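J.: Coordinates in structure_36.tsv, TSV, C-alpha atoms and all ligand atoms, are listed below.
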```tsv
chain	number	residue	atom	x	y	z
A	17	MET	CA	124.68	89.82	137.54
A	18	LYS	CA	124.23	93.54	137.73
A	19	ILE	CA	121.46	94.40	140.18
A	20	ALA	CA	119.98	97.90	140.36
A	21	MET	CA	118.22	98.72	143.63
A	22	LEU	CA	115.79	101.62	143.01
A	23	GLY	CA	115.32	103.19	146.44
A	24	GLY	CA	118.32	101.15	147.58
A	25	THR	CA	119.09	103.88	150.11
A	26	GLY	CA	116.08	102.86	152.24
A	27	SER	CA	115.21	100.28	154.90
A	28	ILE	CA	114.71	97.10	152.89
A	29	GLY	CA	117.27	98.05	150.23
A	30	GLU	CA	120.15	97.91	152.69
A	31	GLY	CA	119.70	94.23	153.56
A	32	PHE	CA	119.52	93.12	149.94
A	33	VAL	CA	122.66	95.05	149.04
A	34	LEU	CA	124.58	93.59	151.99
A	35	ARG	CA	123.41	90.06	151.24
A	36	TRP	CA	123.87	90.07	147.44
A	37	ALA	CA	127.05	92.17	147.07
A	38	GLU	CA	129.37	89.21	147.63
A	39	LYS	CA	128.35	87.68	144.31
A	40	HIS	CA	126.79	90.51	142.30
A	41	GLU	CA	127.61	94.00	141.12
A	42	ILE	CA	125.18	96.32	142.88
A	43	LEU	CA	123.90	99.75	141.86
A	44	VAL	CA	122.41	101.66	144.79
A	45	CYS	CA	119.97	104.08	143.16
A	46	SER	CA	118.35	107.22	144.50
A	47	ARG	CA	116.58	110.37	143.41
A	48	GLU	CA	119.72	112.17	144.67
A	49	ILE	CA	123.04	110.98	143.26
A	50	GLU	CA	125.06	112.32	146.19
A	51	ARG	CA	122.91	110.38	148.66
A	52	ALA	CA	123.30	107.20	146.58
A	53	VAL	CA	127.09	107.59	146.46
A	54	ASN	CA	127.32	108.14	150.24
A	55	VAL	CA	125.04	105.23	151.06
A	56	ALA	CA	126.88	102.91	148.64
A	57	CYS	CA	130.11	103.85	150.42
A	58	ASP	CA	128.50	103.09	153.83
A	59	TYR	CA	127.38	99.64	152.62
A	60	THR	CA	130.87	98.88	151.28
A	61	ASN	CA	132.37	99.87	154.64
A	62	ILE	CA	129.92	97.69	156.59
A	63	LEU	CA	130.98	94.65	154.55
A	64	SER	CA	134.66	95.48	154.64
A	65	ASN	CA	134.57	95.93	158.46
A	66	LYS	CA	133.17	92.42	158.67
A	67	GLY	CA	135.98	91.13	156.45
A	68	ILE	CA	133.53	90.30	153.66
A	69	GLN	CA	134.94	90.63	150.12
A	70	CYS	CA	132.32	92.04	147.79
A	71	CYS	CA	131.86	93.03	144.16
A	72	THR	CA	131.45	96.74	143.45
A	73	ILE	CA	128.67	98.70	145.13
A	74	THR	CA	128.12	101.92	143.17
A	75	GLY	CA	125.82	104.83	143.91
A	76	CYS	CA	123.89	106.46	141.05
A	77	GLY	CA	120.64	108.13	140.06
A	78	ASN	CA	117.58	105.94	139.44
A	79	GLU	CA	117.69	106.70	135.69
A	80	ALA	CA	121.35	105.83	135.16
A	81	ALA	CA	121.03	102.30	136.51
A	82	ILE	CA	118.26	100.84	134.39
A	83	LYS	CA	119.99	100.50	131.02
A	84	ASP	CA	122.79	98.16	132.10
A	85	ALA	CA	121.02	96.21	134.83
A	86	ASP	CA	120.03	92.55	134.50
A	87	VAL	CA	117.72	92.81	137.50
A	88	VAL	CA	115.96	95.93	138.81
A	89	VAL	CA	114.60	95.77	142.35
A	90	LEU	CA	111.78	98.17	143.24
A	91	SER	CA	112.43	99.02	146.89
A	92	VAL	CA	110.42	102.24	146.84
A	93	PRO	CA	107.15	102.95	148.70
A	94	TYR	CA	103.96	102.46	146.65
A	95	GLN	CA	103.21	106.21	146.99
A	96	GLY	CA	106.30	106.98	144.89
A	97	VAL	CA	106.87	103.96	142.68
A	98	ILE	CA	104.14	104.49	140.09
A	99	SER	CA	105.11	108.04	139.10
A	100	LEU	CA	108.79	107.02	139.19
A	101	LEU	CA	108.18	104.10	136.78
A	102	GLU	CA	105.99	106.18	134.47
A	103	LYS	CA	109.03	108.44	134.06
A	104	LEU	CA	111.59	105.61	133.75
A	105	SER	CA	109.54	103.18	131.64
A	106	PRO	CA	111.12	104.11	128.25
A	107	LEU	CA	114.55	103.14	129.63
A	108	PHE	CA	113.55	99.53	130.28
A	109	LYS	CA	114.18	96.75	127.76
A	110	ASP	CA	113.90	93.13	128.89
A	111	GLN	CA	115.15	93.28	132.48
A	112	ILE	CA	113.80	91.24	135.34
A	113	VAL	CA	111.98	93.63	137.68
A	114	ILE	CA	111.38	92.48	141.26
A	115	SER	CA	108.51	94.25	142.99
A	116	LEU	CA	108.50	94.25	146.80
A	117	VAL	CA	105.91	96.98	146.77
A	118	VAL	CA	102.93	96.87	149.13
A	119	PRO	CA	100.14	99.42	148.68
A	120	MET	CA	98.78	99.96	152.18
A	121	LYS	CA	97.52	102.68	154.51
A	122	LYS	CA	97.01	103.05	158.22
A	123	ASN	CA	93.61	103.81	159.65
A	124	LYS	CA	92.98	102.23	163.03
A	125	TRP	CA	95.07	99.32	161.70
A	126	PHE	CA	97.10	98.77	158.55
A	127	GLU	CA	94.98	97.98	155.49
A	128	TYR	CA	95.88	96.64	152.05
A	129	THR	CA	94.84	99.19	149.41
A	130	PRO	CA	95.35	97.57	145.98
A	131	PRO	CA	94.98	99.58	142.78
A	132	LYS	CA	92.22	98.77	140.26
A	133	GLN	CA	94.53	96.22	138.50
A	134	GLY	CA	94.30	94.06	141.66
A	135	SER	CA	97.85	94.38	142.96
A	136	ALA	CA	100.88	96.67	142.79
A	137	ALA	CA	102.71	94.06	140.71
A	138	LEU	CA	99.98	93.98	138.02
A	139	GLU	CA	99.87	97.78	137.90
A	140	ILE	CA	103.67	97.87	137.52
A	141	GLN	CA	103.57	95.28	134.71
A	142	GLU	CA	101.01	97.48	132.93
A	143	ILE	CA	103.28	100.55	133.11
A	144	LEU	CA	106.48	98.82	131.94
A	145	PRO	CA	107.17	97.51	128.40
A	146	LYS	CA	105.72	94.04	127.75
A	147	THR	CA	109.25	92.65	127.30
A	148	VAL	CA	110.04	93.35	130.99
A	149	LYS	CA	109.55	90.36	133.28
A	150	VAL	CA	107.93	91.46	136.52
A	151	ILE	CA	108.38	89.16	139.49
A	152	SER	CA	106.62	89.81	142.79
A	153	SER	CA	108.40	88.72	145.97
A	154	TYR	CA	109.97	89.53	149.37
A	155	HIS	CA	106.98	91.54	150.71
A	156	ASN	CA	106.99	89.57	153.94
A	157	VAL	CA	110.71	89.79	154.77
A	158	SER	CA	111.72	92.04	157.68
A	159	ALA	CA	114.08	94.88	156.68
A	160	ARG	CA	115.69	94.88	160.13
A	161	LYS	CA	116.46	91.16	160.06
A	162	LEU	CA	117.65	91.24	156.46
A	163	ALA	CA	120.18	93.99	157.22
A	164	ASN	CA	121.58	92.15	160.25
A	165	LEU	CA	124.03	89.69	158.73
A	166	GLU	CA	124.35	87.81	162.05
A	167	LEU	CA	120.66	86.90	162.00
A	168	SER	CA	119.31	83.83	160.29
A	169	LEU	CA	116.15	84.45	158.28
A	170	ASP	CA	114.13	81.33	158.77
A	171	TYR	CA	111.35	82.50	156.43
A	172	ASP	CA	109.66	81.30	153.29
A	173	VAL	CA	109.61	83.67	150.34
A	174	VAL	CA	106.78	83.27	147.84
A	175	VAL	CA	107.80	84.18	144.29
A	176	CYS	CA	105.06	85.05	141.76
A	177	GLY	CA	105.54	85.79	138.07
A	178	ASP	CA	104.56	84.80	134.54
A	179	ASP	CA	108.04	84.13	133.15
A	180	ASP	CA	109.49	80.84	134.45
A	181	LYS	CA	113.11	81.70	133.65
A	182	ALA	CA	112.87	85.04	135.45
A	183	LYS	CA	111.16	83.35	138.38
A	184	LYS	CA	114.00	80.82	138.59
A	185	THR	CA	116.56	83.66	138.63
A	186	VAL	CA	114.75	85.26	141.59
A	187	MET	CA	114.46	81.91	143.37
A	188	ASP	CA	118.23	81.40	142.90
A	189	LEU	CA	118.88	84.90	144.31
A	190	THR	CA	116.69	83.95	147.29
A	191	HIS	CA	118.73	80.77	147.90
A	192	GLU	CA	121.83	82.98	148.17
A	193	ILE	CA	120.37	84.51	151.37
A	194	LYS	CA	121.02	81.97	154.10
A	195	ASN	CA	117.93	80.11	155.34
A	196	LEU	CA	115.42	81.88	153.11
A	197	ARG	CA	113.38	79.27	151.23
A	198	PRO	CA	111.87	80.38	147.91
A	199	LEU	CA	108.49	78.89	146.99
A	200	ASP	CA	106.90	79.14	143.55
A	201	GLY	CA	103.65	81.04	144.13
A	202	GLY	CA	102.36	80.82	140.55
A	203	GLY	CA	101.59	83.68	138.18
A	204	LEU	CA	101.73	87.42	138.76
A	205	ALA	CA	97.96	87.41	139.24
A	206	SER	CA	98.58	85.78	142.65
A	207	SER	CA	100.65	88.72	143.85
A	208	TYR	CA	97.75	90.32	145.75
A	209	MET	CA	97.85	87.42	148.22
A	210	ILE	CA	101.45	88.01	149.29
A	211	GLU	CA	101.18	91.80	149.13
A	212	SER	CA	98.13	91.75	151.40
A	213	LEU	CA	99.90	89.58	153.98
A	214	THR	CA	102.22	92.46	154.90
A	215	PRO	CA	99.66	94.74	156.59
A	216	PHE	CA	98.18	91.60	158.21
A	217	LEU	CA	101.60	90.64	159.65
A	218	ILE	CA	102.20	94.19	160.92
A	219	ASN	CA	98.80	94.21	162.65
A	220	LEU	CA	99.50	90.78	164.17
A	221	ALA	CA	102.84	92.02	165.47
A	222	ILE	CA	101.34	95.20	166.99
A	223	ARG	CA	98.37	93.43	168.58
A	224	ASN	CA	100.47	90.62	170.07
A	225	GLY	CA	103.62	92.45	171.13
A	226	LEU	CA	105.76	90.76	168.47
A	227	SER	CA	108.20	92.09	165.87
A	228	ASP	CA	109.68	91.20	162.49
A	229	LEU	CA	107.07	88.54	161.73
A	230	GLY	CA	107.57	86.53	158.56
A	231	VAL	CA	105.93	83.56	156.89
A	232	LYS	CA	106.85	79.88	157.12
A	233	PHE	CA	104.72	77.14	155.51
A	234	VAL	CA	104.84	73.80	157.33
A	301	LIG	N1	110.61	97.88	155.28
A	301	LIG	C1	110.27	96.60	155.18
A	301	LIG	O1	110.41	95.82	156.16
A	301	LIG	C2	109.74	96.05	153.87
A	301	LIG	C3	109.64	94.67	153.72
A	301	LIG	C4	109.20	94.16	152.51
A	301	LIG	C5	108.80	95.00	151.49
A	301	LIG	N2	108.87	96.36	151.68
A	301	LIG	C6	108.45	97.23	150.56
A	301	LIG	O2	109.65	97.76	150.00
A	301	LIG	C7	109.44	99.10	149.55
A	301	LIG	C8	110.44	100.00	150.25
A	301	LIG	O3	110.24	99.94	151.65
A	301	LIG	P1	111.21	100.70	152.65
A	301	LIG	O4	110.73	100.42	154.02
A	301	LIG	O5	112.62	100.39	152.29
A	301	LIG	O6	110.88	102.22	152.27
A	301	LIG	P2	111.66	103.55	152.63
A	301	LIG	O7	112.87	103.25	153.43
A	301	LIG	O8	110.64	104.49	153.20
A	301	LIG	O9	112.03	104.11	151.19
A	301	LIG	C9	112.98	103.47	150.37
A	301	LIG	C10	113.56	104.49	149.41
A	301	LIG	O10	112.59	104.87	148.46
A	301	LIG	C11	112.89	106.18	147.98
A	301	LIG	N3	111.65	106.95	147.97
A	301	LIG	C12	110.88	107.31	149.03
A	301	LIG	N4	109.80	108.00	148.63
A	301	LIG	C13	109.89	108.08	147.28
A	301	LIG	C14	109.10	108.70	146.27
A	301	LIG	N5	107.96	109.37	146.58
A	301	LIG	N6	109.49	108.59	144.98
A	301	LIG	C15	110.63	107.93	144.65
A	301	LIG	N7	111.45	107.35	145.57
A	301	LIG	C16	111.07	107.42	146.85
A	301	LIG	C17	113.90	106.80	148.96
A	301	LIG	O11	115.14	106.85	148.29
A	301	LIG	P3	115.81	108.24	147.83
A	301	LIG	O12	115.30	109.32	148.73
A	301	LIG	O13	117.27	107.96	148.06
A	301	LIG	O14	115.44	108.41	146.41
A	301	LIG	C18	113.99	105.79	150.08
A	301	LIG	O15	115.28	105.67	150.65
A	301	LIG	C19	107.99	99.47	149.91
A	301	LIG	O16	107.21	99.34	148.75
A	301	LIG	C20	107.59	98.43	150.96
A	301	LIG	O17	106.22	98.11	150.86
A	301	LIG	C21	109.33	96.91	152.84
```
Write out the structure in this file as structure tokens.
T.:
Amino acid sequence: MKIAMLGGTGSIGEGFVLRWAEKHEILVCSREIERAVNVACDYTNILSNKGIQCCTITGCGNEAAIKDADVVVLSVPYQGVISLLEKLSPLFKDQIVISLVVPMKKNKWFEYTPPKQGSAALEIQEILPKTVKVISSYHNVSARKLANLELSLDYDVVVCGDDDKAKKTVMDLTHEIKNLRPLDGGGLASSYMIESLTPFLINLAIRNGLSDLGVKFV
């Protein structure tokens, strides 16, 4: 598949590129093409230094990637993703869009700040054409652990969405990351539950001297 990582130059983008590039063609997308090209080159070098053969990792602007992608991953902060998608929306057709986006702010502690639609995922579905299949997932995966290919990610990943075929594609992509277990979390309307866990996990980590907390259902 061809996977476009919008904001793929950032913290969580790196881990997904490194983990998926063995099997998939990856487009690392940025607001600045030069930055995307440099970062794509860095990711390729990281894999090649580990002796890992990968498909192509190409840097490009956010706009250029959408048309040809099968899957578009939104790895951009909430503060930027809505205006970005309002601009890019006409370029989308029937892609699978994976939202990792968590609207949150820090007061004394981190707080979930959903939009009026109820969650970032529902707001994103409203902006994009109806033919686009929005899937909400990966909000509770640590960027640091994901980017460290030596580390095992013994987490569960809840996948929410209204299109079963698209949800299966994302669950299959999750299986490709060693030890991550995808769980069907129902429709996109359930996204607020997994989005809101992120600030909760960060607060738990800060208050208890922990780091990189994830979720495991037993
Ligand atoms: N970090 C985590 O552990 C983690 C875990 C799960 C989910 N998430 C979610 O994943 C998303 C990305 O998180 P992150 O930590 O990777 O963020 P980040 O490193 O701060 O930003 C990711 C990329 O987004 C682009 N960006 C930043 N501000 C933007 C704006 N105003 N408009 C358009 N693009 C912008 C930047 O790319 P360019 O400058 O190259 O355009 C940046 O490299 C967030 O929604 C977050 O809630 C994060």
J.: Counting only C-alpha atoms and all ligand atoms, what are the residues, protein, DNA or RNA alike, that approach ligand LIG 301 (chain A) to within 7 Å? I want them as a count of residues only.
T.: 33
J.: Looking at A:Pro106, A:Gly177, A:Gly203, A:Gly134, which one is nearest to A:Lys83, with distances taken over only C-alpha atoms?
T.: A:Pro106
J.: Choose the residue, out of A:Glu38, A:Glu192, A:Glu30, A:Asp200, that has the smallest atom-to-atom separation from A:Ser152; count all atoms listed in the file.
T.: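 Of the candidates, the smallest distance to A:Ser152 is held by A:Asp200.
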J.: Using all atoms listed in the file, which residues sit within 8 Å of A:Phe32 once same-chain residues fewer than 4 positions away are excluded, as a ChimeraX atom specification?
T.: /A:28,36,162-163
J.: So how many Å separate atom CA of A:Ala85 and atom CA of A:Met187, to one decimal?
T.: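 Rounded to one decimal, the two atoms are 17.9 Å apart.
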J.: Around all the atoms of stretch 190-203 of chain A listed in the file, draw an axis-aligned box and extend it by 6 Å on each of the six sides; I want its centre and edge lengths in Å to one decimal, as JSON.
T.:
```
{"center_x": 111.7, "center_y": 81.7, "center_z": 146.8, "size_x": 32.2, "size_y": 17.6, "size_z": 29.2}
```
J.: Rank A:Lys124, A:Glu102, A:Val174, A:Ile112 by their smallest atom-to-atom distance to A:Ile140, using only C-alpha atoms, and report the top residue only.
T.: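 Smallest distance to A:Ile140 is found for A:Glu102.
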J.: Hey, can you check how far atom CA of A:Met21 sits from atom CA of A:Thr129?
T.: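 About the pair atom CA of A:Met21 and atom CA of A:Thr129: they are 24.1 Å apart.
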J.: One decimal, in Å: what's the spacing between atom CA of A:Ala137 and atom CA of A:Ile114?
T.: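 Between atom CA of A:Ala137 and atom CA of A:Ile114 the gap is 8.8 Å.
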J.: At a cut-off of 12 Å, using only C-alpha atoms, what residues contact A:Gln111? Leave out same-chain residues fewer than 5 positions from it and give the result as a ChimeraX atom specification.
T.: /A:17-20,81-89,105,141,144-151,179,181-182,185
J.: Looking at A:Ala221, A:Val44, A:Met209, A:Leu226, which one is nearest to A:Tyr128, with distances taken over only C-alpha atoms?
T.: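 For A:Tyr128, the nearest of the given residues is A:Met209.
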J.: Give me the residues within 12 Å of A:Asn219 as an NGL selection string, counting all atoms listed in the file and dropping any in the same chain fewer than 2 places off.
T.: :A and (120-128 or 212-217 or 221-229)
J.: Tell me, as a PyMOL selection string, which residues lie within 12 Å of A:Leu165, counting all atoms listed in the file; anything in the same chain fewer than 4 positions away does not count.
T.: chain A and resi 30-36+62-63+66+68+159-161+169+193-195
J.: Kindly indicate which residue among A:Ser64, A:Ala80, A:Ser153, A:Ile73 lies nearest to A:Tyr208, using all atoms listed in the file for the distances.
T.: A:Ser153
J.: Pick from A:Thr60, A:Asn65, A:Thr72, A:Asn54: nearest to A:Lys39, with only C-alpha atoms counted?
T.: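 Counting only C-alpha atoms, the residue closest to A:Lys39 is A:Thr72.
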